[in-house]
Amino acid sequence: MSGLKEEYIQAKKQLFDHYYRFLNQPQREAVYTLFNPLLILAGAGSGKTTVLVNRIAHMIRFGDAYACDHVPENLSQADVDALKNAVSLPDEEIEPILASMAVNPCPPWRILSITFTNKAANEMKTRLTNRIGEDAGAADIWAGTFHSICGRILRRHAELLGYAQNFVIYDQEDSKKAISTVIKDLNFDESMLQSKAVLSEISHAKDSLIDPLEYLDAVGKDYRLKQIGLIYQEYQKRLKASNAMDFDDMIVQTVTLFRKYPEILSQYQNRFLFVCVDEFQDTNKAQLALTVQLSGGFRNLMVVGDDDQSIYRFRGATIENILTFDKLFPDAKIIKLEQNYRSTKNILQAANEIIKHNQGRHEKRLWTDKGPGSPVHLKEVSDQNAEAMFIVDTIQKGVLRQGRQYKDYAVLYRMNAQSNSIEKGLSRYSIPYRILGGTRFSDRKEIRDAMAYLSLIANHSDNERLQRIINEPKRKIGEKTLTIVHEIALETGQSDFAVMEQSGSYIALSRVSDKLVEFTNMINRLSALAEESSLEMVYEQMLKDTGYRMMLLMGGQEEKERLENLEELKSNIAEYTQNADDPSLNGFLEMSALVADVDKYDESADAVVLMTIHSAKGLEFPIVFLPGMDENVFPSYQAIAYDPSQMEEERRLAYVAVTRAREELYLIHSESRLLFGSTQYNPLSRFAGDIPEEILDEEEKETKDFFSFQSRPIRATEIRKNGPVRSKSMAGESFRTSMEVPKPGASVTHPVFGDGRVISVSKVPADYICEVVFDRVGTKKLLLSKAKLQIKES
DNA sequence: CACGCTCTGCCTGCG
DNA sequence: GCAGAGCGTG
């Protein structure tokens, strides 16, 4: 009997293994391991998402069927044989057999799946629905970002924390403005405390769950930090007064809620049978605390990540979370996914050679059964224009001669400032491209203004938004008036808006009272309208009543573009109204705050993609260019000069960059580079130097070739809307250097100013500006073509 | 109070 | 190279 039982369990496991035959052994193990803490170390391109999706599908359909050794009663040899033979059946017939053996399948609503981006959350939901079908209830899973999940929880319990249910969410810009107001109000020296730096400091404190009092306690005698602590304290007070939370607060407040109200926490703990966290290497301390809280009921916590791809320390991520997960949960099982399905052997080796220099990492080594492929290409060029031309040239050749498509190519750079020259090159040669990152739609002034109006309509106590738009368009309400309003508000404990409404009763405001009341009346009317009308109507009325649309209509080309953006916002609103279950102004504001610009990266469009390496994490491309393989660019100047501890992160970034490539990888180093208005001369990046020569193909420096496509006619349809294609003569000109251009550091002589040393050289159309420190007269900026500079040989 | 000019400072960036 | 902040003037 027990032999038969064994045989049955064996056959069952074999059938599951067969069903998951598209997975490798460790991947299957990850799918089967449902209980207790589990850490999956998923190397780049190791099929992480596939595992995540199949694991969740598995718990919903089969529960613990695989590991459980339950055996049906009255088991017969015939049953066991049938199970053994099922292996030869098609998958559609195997599924019901497996389902019939399900043990405690998990209802979807008891699963919590946390991701970092909305894009990842959506991809997860889509793939899961494809896997298990609509009816299985994939939509009932709590899947979302940390922030969207916290938002959901906080809306329910905001009152307990002293917030109204309709609290607003401040983004970085709002926070920065609020902080700079606080700095001014506290009369601190603004030159010592830049709002950006203070915000980042406060944000990091929040990431680590340090509240203002604890912060002040910890800083001791450090004068500046003490000031920051006081700013932090006041900032929090004002956020609450404005009924607002910033992004960090959303996590912190949720953790606080759970600490204060254990009975609420246990509701969630009892609900979530399984908790999964993706991109665990990018979590911060607060997020870890929240994760531990939420999974605390059943302790079935799975985290997935790759410590080698931790590249967000600068925004608070602590790689320690993933490095010490097994210390936090000593019974945690660790599964490593080391087989890479993406890249060729050479590319993978390059990546391994780069990352192996890092100290703090989980030991693992990616491997592939793919062939070696091409060597990694290393190209040296003279300047950023030649760099762009090399990219253009390579893409043209690939498309014309090898039947490549434009979308096979990606250009990944360290910083957005590098994109300019490449964009110019691509548009000049009519190569279709799309660029990700840079200024986002929601960051545009007109969009922020419109959103600020909507926020104010929803929540009158939002002082920050009020300040933003009170005088936009101009209403003759100046800084002085606002200061008085704000002072009264602070004294009387009201919102700025409330003070404005009653400005007639304050002598200091009597002269401007009419204007202020006119404004609050308008907002009040719009708020009333929002109660009864559609969102689109409120939006339209707002643009009209505030005079915002009129202001833009009076303007020129730039304003026209802004109007178009406002129209686009309107269609976003319409889209939201149609899709949301219960559309409301508050709902729209919440979505806009938490859902960054809908991913505009349309993978179907045939165009070269340009983005930063950071944004490329998680993506892959057949051919990848990495321009700017220069010291001081990548690794970045600040990592080298200011913070050597950042170097490991730069190295991980290099690892991420290299592992994006499937087939071909081009590293480009430029001898000189025009960046931030001055020319730099940097040696080859150390990361390129880490790649062994056997797998490297160093291409000759050859600049003449780049002009070979110049005569190609440019089709009008190919001209990008925001990148006017330059005339051919200009194109030629910008590459010609007839003057002798001094390099920074060169000694020069000027007929009037005498001897000096060049500190920077910047390119301007058809000329250069040299910044020179003269021995006698100090620093001068000179136009190279005009100033008769002589370069001294040294 | 509004406008236009100069000055400055700059990496990466999800919610 | 460019945007946002600061400053001076009408």
# chains A, B, ... in the order shown; residues from 1 in each chain; ligands from 1
call {"tool": "closest_atom_pairs", "arguments": {"of": "chain B", "to": "segment 2-5 of chain C", "cutoff": "10 Å", "atoms": "only C-alpha atoms (C1' of nucleotides)", "output": "CSV"}}
result
residue,atom,partner,partner_atom,distance
B:DC7,C1',C:DA5,C1',8.7
B:DT8,C1',C:DA5,C1',8.5
B:DC10,C1',C:DC2,C1',9.8
call {"tool": "write_last_selection", "arguments": {"atoms": "C-alpha atoms (C1' of nucleotides)", "output": "mmCIF file, in the first residue's frame"}}
result
data_model
loop_
_atom_site.group_PDB
_atom_site.id
_atom_site.type_symbol
_atom_site.label_atom_id
_atom_site.label_comp_id
_atom_site.auth_asym_id
_atom_site.auth_seq_id
_atom_site.Cartn_x
_atom_site.Cartn_y
_atom_site.Cartn_z
ATOM 1 C "C1'" DC B 7 23.132 84.433 -12.511
ATOM 2 C "C1'" DT B 8 23.658 79.883 -11.080
ATOM 3 C "C1'" DC B 10 23.467 70.839 -12.890
#
call {"tool": "interface_residues", "arguments": {"of": "chain B", "to": "chain A", "cutoff": "10 Å", "atoms": "only C-alpha atoms (C1' of nucleotides)", "output": "list in words"}}
result
DC1, DA2, DG9, DC10, DC11, DT12, DG13, DC14 and DG15 of chain B
call {"tool": "residues_around", "arguments": {"residues": "Leu257 of chain A", "least_positions_apart": "4", "cutoff": "8 Å", "atoms": "only C-alpha atoms (C1' of nucleotides)", "output": "list in words"}}
result
Leu160, Leu161, Gln253 and Tyr261 of chain A
call {"tool": "residues_around", "arguments": {"residues": "Leu348 of chain A", "least_positions_apart": "5", "cutoff": "8 Å", "atoms": "only C-alpha atoms (C1' of nucleotides)", "output": "list in words"}}
result
Ser343, Leu366, Trp367, Thr368, Val658 and Thr659 of chain A
call {"tool": "write_last_selection", "arguments": {"atoms": "C-alpha atoms", "output": "tab-separated table (two decimals), in the first residue's frame"}}
result
chain	number	residue	atom	x	y	z
A	343	SER	CA	22.29	37.44	-23.97
A	366	LEU	CA	25.02	33.96	-14.65
A	367	TRP	CA	25.47	31.42	-17.40
A	368	THR	CA	23.87	30.68	-20.73
A	658	VAL	CA	25.47	45.53	-20.44
A	659	THR	CA	22.87	42.89	-19.64
call {"tool": "closest_atom_pairs", "arguments": {"of": "chain A", "to": "chain C", "cutoff": "10 Å", "atoms": "only C-alpha atoms (C1' of nucleotides)", "output": "tab-separated table"}}
result
residue	atom	partner	partner_atom	distance
A:Ala417	CA	C:DG1	C1'	9.3
A:Asn420	CA	C:DG1	C1'	9.9
A:Leu675	CA	C:DG1	C1'	8.5
A:Phe676	CA	C:DG1	C1'	6.2
A:Gly677	CA	C:DG1	C1'	5.9
A:Ser678	CA	C:DG1	C1'	9.6
A:Val764	CA	C:DG1	C1'	9.6
call {"tool": "select_by_dssp", "arguments": {"residues": "segment 132-357 of chain A", "states": "alpha helix (DSSP H)", "output": "PyMOL selection string"}}
result
chain A and resi 132+146-157+172-185+195-207+212-219+223-241+247-260+262-271+285-294+320-323+325-328+345-355
call {"tool": "write_last_selection", "arguments": {"atoms": "C-alpha atoms", "output": "tab-separated table (two decimals), in the first residue's frame"}}
result
chain	number	residue	atom	x	y	z
A	132	ILE	CA	-5.44	31.46	-15.76
A	146	PHE	CA	3.78	50.20	-2.62
A	147	HIS	CA	2.20	53.59	-3.01
A	148	SER	CA	-1.04	52.48	-4.61
A	149	ILE	CA	-1.51	49.83	-1.93
A	150	CYS	CA	-0.78	52.30	0.84
A	151	GLY	CA	-3.14	54.76	-0.81
A	152	ARG	CA	-5.87	52.17	-0.74
A	153	ILE	CA	-5.29	51.42	2.93
A	154	LEU	CA	-4.87	55.05	3.98
A	155	ARG	CA	-8.07	56.26	2.32
A	156	ARG	CA	-9.94	53.90	4.58
A	157	HIS	CA	-8.26	54.89	7.82
A	172	GLN	CA	8.61	66.21	-5.22
A	173	GLU	CA	8.00	69.58	-6.75
A	174	ASP	CA	5.21	70.37	-4.30
A	175	SER	CA	7.35	69.18	-1.41
A	176	LYS	CA	10.30	71.23	-2.54
A	177	LYS	CA	8.19	74.37	-2.72
A	178	ALA	CA	6.69	73.70	0.69
A	179	ILE	CA	10.15	73.19	2.17
A	180	SER	CA	11.47	76.34	0.69
A	181	THR	CA	8.57	78.23	2.22
A	182	VAL	CA	9.34	76.67	5.59
A	183	ILE	CA	13.00	77.66	5.33
A	184	LYS	CA	11.97	81.24	4.67
A	185	ASP	CA	9.38	81.28	7.44
A	195	SER	CA	15.46	73.09	-0.64
A	196	LYS	CA	16.57	70.24	-2.84
A	197	ALA	CA	19.20	69.03	-0.41
A	198	VAL	CA	16.88	69.46	2.56
A	199	LEU	CA	14.12	67.56	0.82
A	200	SER	CA	16.47	64.73	0.04
A	201	GLU	CA	17.64	64.62	3.66
A	202	ILE	CA	14.07	64.60	4.98
A	203	SER	CA	13.06	62.03	2.43
A	204	HIS	CA	15.88	59.74	3.52
A	205	ALA	CA	14.85	60.16	7.13
A	206	LYS	CA	11.35	59.08	6.21
A	207	ASP	CA	12.65	56.18	4.16
A	212	PRO	CA	11.19	64.63	13.27
A	213	LEU	CA	11.71	64.14	17.01
A	214	GLU	CA	13.93	61.14	16.55
A	215	TYR	CA	15.81	63.05	13.89
A	216	LEU	CA	16.38	66.03	16.17
A	217	ASP	CA	17.47	63.66	18.90
A	218	ALA	CA	20.00	61.99	16.66
A	219	VAL	CA	21.67	65.04	15.11
A	223	TYR	CA	24.00	73.06	13.57
A	224	ARG	CA	22.93	72.48	10.00
A	225	LEU	CA	21.35	69.11	10.67
A	226	LYS	CA	19.54	70.58	13.62
A	227	GLN	CA	18.05	73.21	11.36
A	228	ILE	CA	17.03	70.52	8.92
A	229	GLY	CA	15.37	68.69	11.80
A	230	LEU	CA	13.38	71.79	12.64
A	231	ILE	CA	12.42	72.22	9.00
A	232	TYR	CA	11.36	68.58	8.92
A	233	GLN	CA	9.18	69.11	11.99
A	234	GLU	CA	7.53	72.22	10.59
A	235	TYR	CA	7.13	70.66	7.15
A	236	GLN	CA	5.22	67.73	8.63
A	237	LYS	CA	3.02	70.11	10.58
A	238	ARG	CA	2.17	72.00	7.43
A	239	LEU	CA	1.53	68.92	5.38
A	240	LYS	CA	-1.04	67.89	7.92
A	241	ALA	CA	-2.56	71.37	7.97
A	247	PHE	CA	5.12	60.10	-1.38
A	248	ASP	CA	7.30	59.04	1.52
A	249	ASP	CA	4.53	59.77	3.99
A	250	MET	CA	2.29	57.28	2.28
A	251	ILE	CA	4.55	54.45	3.34
A	252	VAL	CA	5.48	55.93	6.71
A	253	GLN	CA	1.89	56.73	7.63
A	254	THR	CA	0.74	53.24	6.75
A	255	VAL	CA	3.46	51.72	8.93
A	256	THR	CA	2.48	54.14	11.70
A	257	LEU	CA	-1.17	53.26	11.32
A	258	PHE	CA	-0.39	49.59	11.76
A	259	ARG	CA	1.85	50.26	14.76
A	260	LYS	CA	-0.78	52.33	16.46
A	262	PRO	CA	-2.68	46.47	15.74
A	263	GLU	CA	-6.30	45.40	15.29
A	264	ILE	CA	-6.37	47.07	11.87
A	265	LEU	CA	-3.08	45.43	10.99
A	266	SER	CA	-4.43	42.02	11.89
A	267	GLN	CA	-7.36	42.50	9.53
A	268	TYR	CA	-4.89	42.79	6.70
A	269	GLN	CA	-2.59	40.11	8.07
A	270	ASN	CA	-5.45	37.66	8.21
A	271	ARG	CA	-6.45	38.52	4.73
A	285	LYS	CA	13.67	50.43	5.23
A	286	ALA	CA	10.12	51.73	5.50
A	287	GLN	CA	8.96	49.48	2.70
A	288	LEU	CA	10.64	46.52	4.32
A	289	ALA	CA	8.89	47.30	7.60
A	290	LEU	CA	5.57	47.49	5.80
A	291	THR	CA	6.22	44.23	4.00
A	292	VAL	CA	7.05	42.51	7.26
A	293	GLN	CA	3.87	43.89	8.81
A	294	LEU	CA	1.58	42.83	5.99
A	320	GLU	CA	20.97	45.48	2.74
A	321	ASN	CA	17.32	44.47	2.56
A	322	ILE	CA	18.12	41.80	0.04
A	323	LEU	CA	21.61	41.04	1.33
A	325	PHE	CA	16.94	38.88	4.15
A	326	ASP	CA	18.10	35.52	5.47
A	327	LYS	CA	19.22	37.18	8.72
A	328	LEU	CA	15.78	38.70	9.19
A	345	LYS	CA	28.04	34.28	-23.96
A	346	ASN	CA	30.34	37.18	-24.74
A	347	ILE	CA	27.92	39.80	-23.49
A	348	LEU	CA	27.29	37.80	-20.36
A	349	GLN	CA	30.96	37.37	-19.73
A	350	ALA	CA	31.50	41.09	-20.08
A	351	ALA	CA	28.76	41.65	-17.50
A	352	ASN	CA	30.23	39.10	-15.12
A	353	GLU	CA	33.71	40.62	-15.44
A	354	ILE	CA	32.34	44.04	-14.55
A	355	ILE	CA	30.27	43.01	-11.57
call {"tool": "residues_around", "arguments": {"residues": "Gln578 of chain A", "least_positions_apart": "4", "cutoff": "12 Å", "atoms": "only C-alpha atoms (C1' of nucleotides)", "output": "compact mmCIF listing (two decimals) with N, CA and C atoms, in the first residue's frame"}}
result
# COMPACT_ATOMS: atom_id res chain seq x y z
N SER A 534 -20.03 66.38 -14.35
CA SER A 534 -18.96 65.48 -14.75
C SER A 534 -17.62 66.19 -14.62
N LEU A 535 -16.60 65.37 -14.48
CA LEU A 535 -15.25 65.87 -14.33
C LEU A 535 -14.83 66.74 -15.51
N GLU A 536 -15.21 66.30 -16.69
CA GLU A 536 -14.84 67.05 -17.88
C GLU A 536 -15.44 68.45 -17.87
N SER A 571 -8.27 64.74 -22.47
CA SER A 571 -8.57 63.37 -22.91
C SER A 571 -8.17 62.34 -21.86
N ASN A 572 -7.14 62.67 -21.08
CA ASN A 572 -6.82 61.79 -19.95
C ASN A 572 -7.99 61.72 -18.97
N ILE A 573 -8.59 62.88 -18.74
CA ILE A 573 -9.73 62.93 -17.81
C ILE A 573 -10.89 62.10 -18.38
N ALA A 574 -11.13 62.29 -19.69
CA ALA A 574 -12.22 61.55 -20.33
C ALA A 574 -11.97 60.05 -20.22
N ASP A 582 -15.98 54.27 -10.29
CA ASP A 582 -16.78 55.32 -9.67
C ASP A 582 -16.02 56.64 -9.82
N PRO A 583 -16.08 57.23 -11.03
CA PRO A 583 -15.24 58.40 -11.30
C PRO A 583 -15.55 59.57 -10.38
N SER A 584 -14.50 60.18 -9.86
CA SER A 584 -14.69 61.36 -9.02
C SER A 584 -13.44 62.22 -9.15
N PHE A 588 -9.61 60.92 -9.55
CA PHE A 588 -8.73 61.32 -10.64
C PHE A 588 -7.41 61.87 -10.11
call {"tool": "residues_around", "arguments": {"residues": "Lys5 of chain A", "least_positions_apart": "3", "cutoff": "8 Å", "atoms": "only C-alpha atoms (C1' of nucleotides)", "output": "count of residues only"}}
result
6
call {"tool": "residues_around", "arguments": {"residues": "segment 456-466 of chain A", "least_positions_apart": "3", "cutoff": "7 Å", "atoms": "only C-alpha atoms (C1' of nucleotides)", "output": "JSON, numbers by chain"}}
result
{"A": [174, 178, 242, 243, 452, 453, 469, 470, 495, 496, 497, 523, 526, 527, 585, 586]}
call {"tool": "atom_distance", "arguments": {"atom1": "atom CA of Thr283 of chain A", "atom2": "atom CA of Ser310 of chain A"}}
result
9.3 Å
call {"tool": "atom_distance", "arguments": {"atom1": "atom CA of Val609 of chain A", "atom2": "atom CA of Lys48 of chain A"}}
result
23.4 Å
call {"tool": "select_by_dssp", "arguments": {"residues": "segment 46-208 of chain A", "states": "strand (DSSP E)", "output": "JSON, numbers by chain"}}
result
{"A": [111, 112, 113, 114, 115, 142, 143, 144, 145, 168, 169, 170]}
call {"tool": "atom_distance", "arguments": {"atom1": "atom CA of Ser46 of chain A", "atom2": "atom CA of Glu92 of chain A"}}
result
26.5 Å
call {"tool": "decode", "arguments": {"residues": "chain B", "atoms": "N, CA, C and O atoms (P, O5', C5', C4', C3', O3' and C1' of nucleotides)", "output": "PDB file, in the first residue's frame"}}
result
ATOM      1  P    DC B   1       1.563  93.087  -4.284  1.00  0.00           P
ATOM      2  O5'  DC B   1       1.769  93.382  -5.834  1.00  0.00           O
ATOM      3  C5'  DC B   1       0.661  93.837  -6.588  1.00  0.00           C
ATOM      4  C4'  DC B   1       1.062  93.862  -8.038  1.00  0.00           C
ATOM      5  C3'  DC B   1       1.634  92.540  -8.568  1.00  0.00           C
ATOM      6  O3'  DC B   1       1.028  92.303  -9.830  1.00  0.00           O
ATOM      7  C1'  DC B   1       3.146  94.290  -9.003  1.00  0.00           C
ATOM      8  P    DA B   2       1.198  90.965 -10.569  1.00  0.00           P
ATOM      9  O5'  DA B   2       2.090  91.423 -11.813  1.00  0.00           O
ATOM     10  C5'  DA B   2       1.589  92.441 -12.675  1.00  0.00           C
ATOM     11  C4'  DA B   2       2.591  92.706 -13.779  1.00  0.00           C
ATOM     12  C3'  DA B   2       3.156  91.450 -14.454  1.00  0.00           C
ATOM     13  O3'  DA B   2       3.204  91.669 -15.844  1.00  0.00           O
ATOM     14  C1'  DA B   2       4.927  92.729 -13.538  1.00  0.00           C
ATOM     15  P    DC B   3       3.469  90.472 -16.792  1.00  0.00           P
ATOM     16  O5'  DC B   3       4.873  90.878 -17.420  1.00  0.00           O
ATOM     17  C5'  DC B   3       5.086  92.207 -17.895  1.00  0.00           C
ATOM     18  C4'  DC B   3       6.572  92.468 -17.936  1.00  0.00           C
ATOM     19  C3'  DC B   3       7.385  91.363 -18.629  1.00  0.00           C
ATOM     20  O3'  DC B   3       7.997  91.913 -19.779  1.00  0.00           O
ATOM     21  C1'  DC B   3       8.405  92.060 -16.586  1.00  0.00           C
ATOM     22  P    DG B   4       8.529  90.905 -20.888  1.00  0.00           P
ATOM     23  O5'  DG B   4      10.089  91.153 -20.733  1.00  0.00           O
ATOM     24  C5'  DG B   4      10.624  92.476 -20.690  1.00  0.00           C
ATOM     25  C4'  DG B   4      12.005  92.425 -20.060  1.00  0.00           C
ATOM     26  C3'  DG B   4      12.927  91.350 -20.665  1.00  0.00           C
ATOM     27  O3'  DG B   4      14.223  91.914 -20.819  1.00  0.00           O
ATOM     28  C1'  DG B   4      12.825  91.094 -18.339  1.00  0.00           C
ATOM     29  P    DC B   5      15.175  91.362 -21.950  1.00  0.00           P
ATOM     30  O5'  DC B   5      16.562  91.287 -21.175  1.00  0.00           O
ATOM     31  C5'  DC B   5      17.052  92.435 -20.474  1.00  0.00           C
ATOM     32  C4'  DC B   5      17.712  91.986 -19.186  1.00  0.00           C
ATOM     33  C3'  DC B   5      18.792  90.918 -19.390  1.00  0.00           C
ATOM     34  O3'  DC B   5      20.077  91.524 -19.350  1.00  0.00           O
ATOM     35  C1'  DC B   5      17.398  90.497 -17.474  1.00  0.00           C
ATOM     36  P    DT B   6      21.332  90.608 -19.683  1.00  0.00           P
ATOM     37  O5'  DT B   6      21.652  90.037 -18.231  1.00  0.00           O
ATOM     38  C5'  DT B   6      21.990  90.937 -17.171  1.00  0.00           C
ATOM     39  C4'  DT B   6      22.199  90.130 -15.904  1.00  0.00           C
ATOM     40  C3'  DT B   6      23.361  89.133 -15.978  1.00  0.00           C
ATOM     41  O3'  DT B   6      24.120  89.254 -14.784  1.00  0.00           O
ATOM     42  C1'  DT B   6      21.374  88.033 -15.311  1.00  0.00           C
ATOM     43  P    DC B   7      25.499  88.540 -14.595  1.00  0.00           P
ATOM     44  O5'  DC B   7      25.053  87.362 -13.627  1.00  0.00           O
ATOM     45  C5'  DC B   7      24.458  87.688 -12.373  1.00  0.00           C
ATOM     46  C4'  DC B   7      24.064  86.399 -11.677  1.00  0.00           C
ATOM     47  C3'  DC B   7      25.167  85.332 -11.675  1.00  0.00           C
ATOM     48  O3'  DC B   7      25.333  84.880 -10.350  1.00  0.00           O
ATOM     49  C1'  DC B   7      23.132  84.433 -12.511  1.00  0.00           C
ATOM     50  P    DT B   8      26.599  84.019  -9.961  1.00  0.00           P
ATOM     51  O5'  DT B   8      25.920  82.592  -9.742  1.00  0.00           O
ATOM     52  C5'  DT B   8      24.734  82.497  -8.950  1.00  0.00           C
ATOM     53  C4'  DT B   8      24.074  81.169  -9.198  1.00  0.00           C
ATOM     54  C3'  DT B   8      25.043  79.986  -9.167  1.00  0.00           C
ATOM     55  O3'  DT B   8      24.550  79.043  -8.243  1.00  0.00           O
ATOM     56  C1'  DT B   8      23.658  79.883 -11.080  1.00  0.00           C
ATOM     57  P    DG B   9      25.545  78.226  -7.330  1.00  0.00           P
ATOM     58  O5'  DG B   9      25.008  76.746  -7.519  1.00  0.00           O
ATOM     59  C5'  DG B   9      23.601  76.505  -7.607  1.00  0.00           C
ATOM     60  C4'  DG B   9      23.352  75.442  -8.649  1.00  0.00           C
ATOM     61  C3'  DG B   9      24.449  74.373  -8.682  1.00  0.00           C
ATOM     62  O3'  DG B   9      23.827  73.119  -8.785  1.00  0.00           O
ATOM     63  C1'  DG B   9      24.047  75.168 -10.833  1.00  0.00           C
ATOM     64  P    DC B  10      24.464  71.922  -8.048  1.00  0.00           P
ATOM     65  O5'  DC B  10      23.839  70.679  -8.811  1.00  0.00           O
ATOM     66  C5'  DC B  10      22.534  70.659  -9.387  1.00  0.00           C
ATOM     67  C4'  DC B  10      22.632  70.277 -10.834  1.00  0.00           C
ATOM     68  C3'  DC B  10      23.677  69.211 -11.144  1.00  0.00           C
ATOM     69  O3'  DC B  10      23.041  67.971 -11.233  1.00  0.00           O
ATOM     70  C1'  DC B  10      23.467  70.839 -12.890  1.00  0.00           C
ATOM     71  P    DC B  11      22.983  66.735 -10.902  1.00  0.00           P
ATOM     72  O5'  DC B  11      23.340  66.097 -12.278  1.00  0.00           O
ATOM     73  C5'  DC B  11      24.267  65.673 -13.071  1.00  0.00           C
ATOM     74  C4'  DC B  11      23.748  64.470 -13.802  1.00  0.00           C
ATOM     75  C3'  DC B  11      22.250  64.242 -13.707  1.00  0.00           C
ATOM     76  O3'  DC B  11      21.855  63.535 -14.858  1.00  0.00           O
ATOM     77  C1'  DC B  11      23.371  62.576 -12.463  1.00  0.00           C
ATOM     78  P    DT B  12      20.346  63.310 -15.072  1.00  0.00           P
ATOM     79  O5'  DT B  12      20.208  61.896 -14.393  1.00  0.00           O
ATOM     80  C5'  DT B  12      20.503  60.728 -15.140  1.00  0.00           C
ATOM     81  C4'  DT B  12      20.219  59.543 -14.288  1.00  0.00           C
ATOM     82  C3'  DT B  12      18.802  59.514 -13.732  1.00  0.00           C
ATOM     83  O3'  DT B  12      18.047  58.609 -14.508  1.00  0.00           O
ATOM     84  C1'  DT B  12      20.433  58.868 -12.110  1.00  0.00           C
ATOM     85  P    DG B  13      16.685  59.177 -15.007  1.00  0.00           P
ATOM     86  O5'  DG B  13      15.599  58.580 -14.043  1.00  0.00           O
ATOM     87  C5'  DG B  13      15.725  57.415 -13.282  1.00  0.00           C
ATOM     88  C4'  DG B  13      14.596  57.436 -12.270  1.00  0.00           C
ATOM     89  C3'  DG B  13      13.368  58.190 -12.742  1.00  0.00           C
ATOM     90  O3'  DG B  13      12.226  57.480 -12.321  1.00  0.00           O
ATOM     91  C1'  DG B  13      14.236  59.246 -10.805  1.00  0.00           C
ATOM     92  P    DC B  14      10.934  57.752 -13.136  1.00  0.00           P
ATOM     93  O5'  DC B  14       9.985  56.660 -12.505  1.00  0.00           O
ATOM     94  C5'  DC B  14      10.372  55.288 -12.516  1.00  0.00           C
ATOM     95  C4'  DC B  14       9.706  54.656 -11.338  1.00  0.00           C
ATOM     96  C3'  DC B  14       8.274  55.151 -11.155  1.00  0.00           C
ATOM     97  O3'  DC B  14       7.412  54.054 -11.138  1.00  0.00           O
ATOM     98  C1'  DC B  14       9.508  55.380  -9.140  1.00  0.00           C
ATOM     99  P    DG B  15       5.966  54.224 -11.596  1.00  0.00           P
ATOM    100  O5'  DG B  15       5.203  54.175 -10.219  1.00  0.00           O
ATOM    101  C5'  DG B  15       5.006  55.319  -9.566  1.00  0.00           C
ATOM    102  C4'  DG B  15       4.715  55.038  -8.157  1.00  0.00           C
ATOM    103  C3'  DG B  15       3.447  55.765  -7.751  1.00  0.00           C
ATOM    104  O3'  DG B  15       2.673  54.972  -6.909  1.00  0.00           O
ATOM    105  C1'  DG B  15       5.364  56.774  -6.744  1.00  0.00           C
TER     106       DG B  15
END
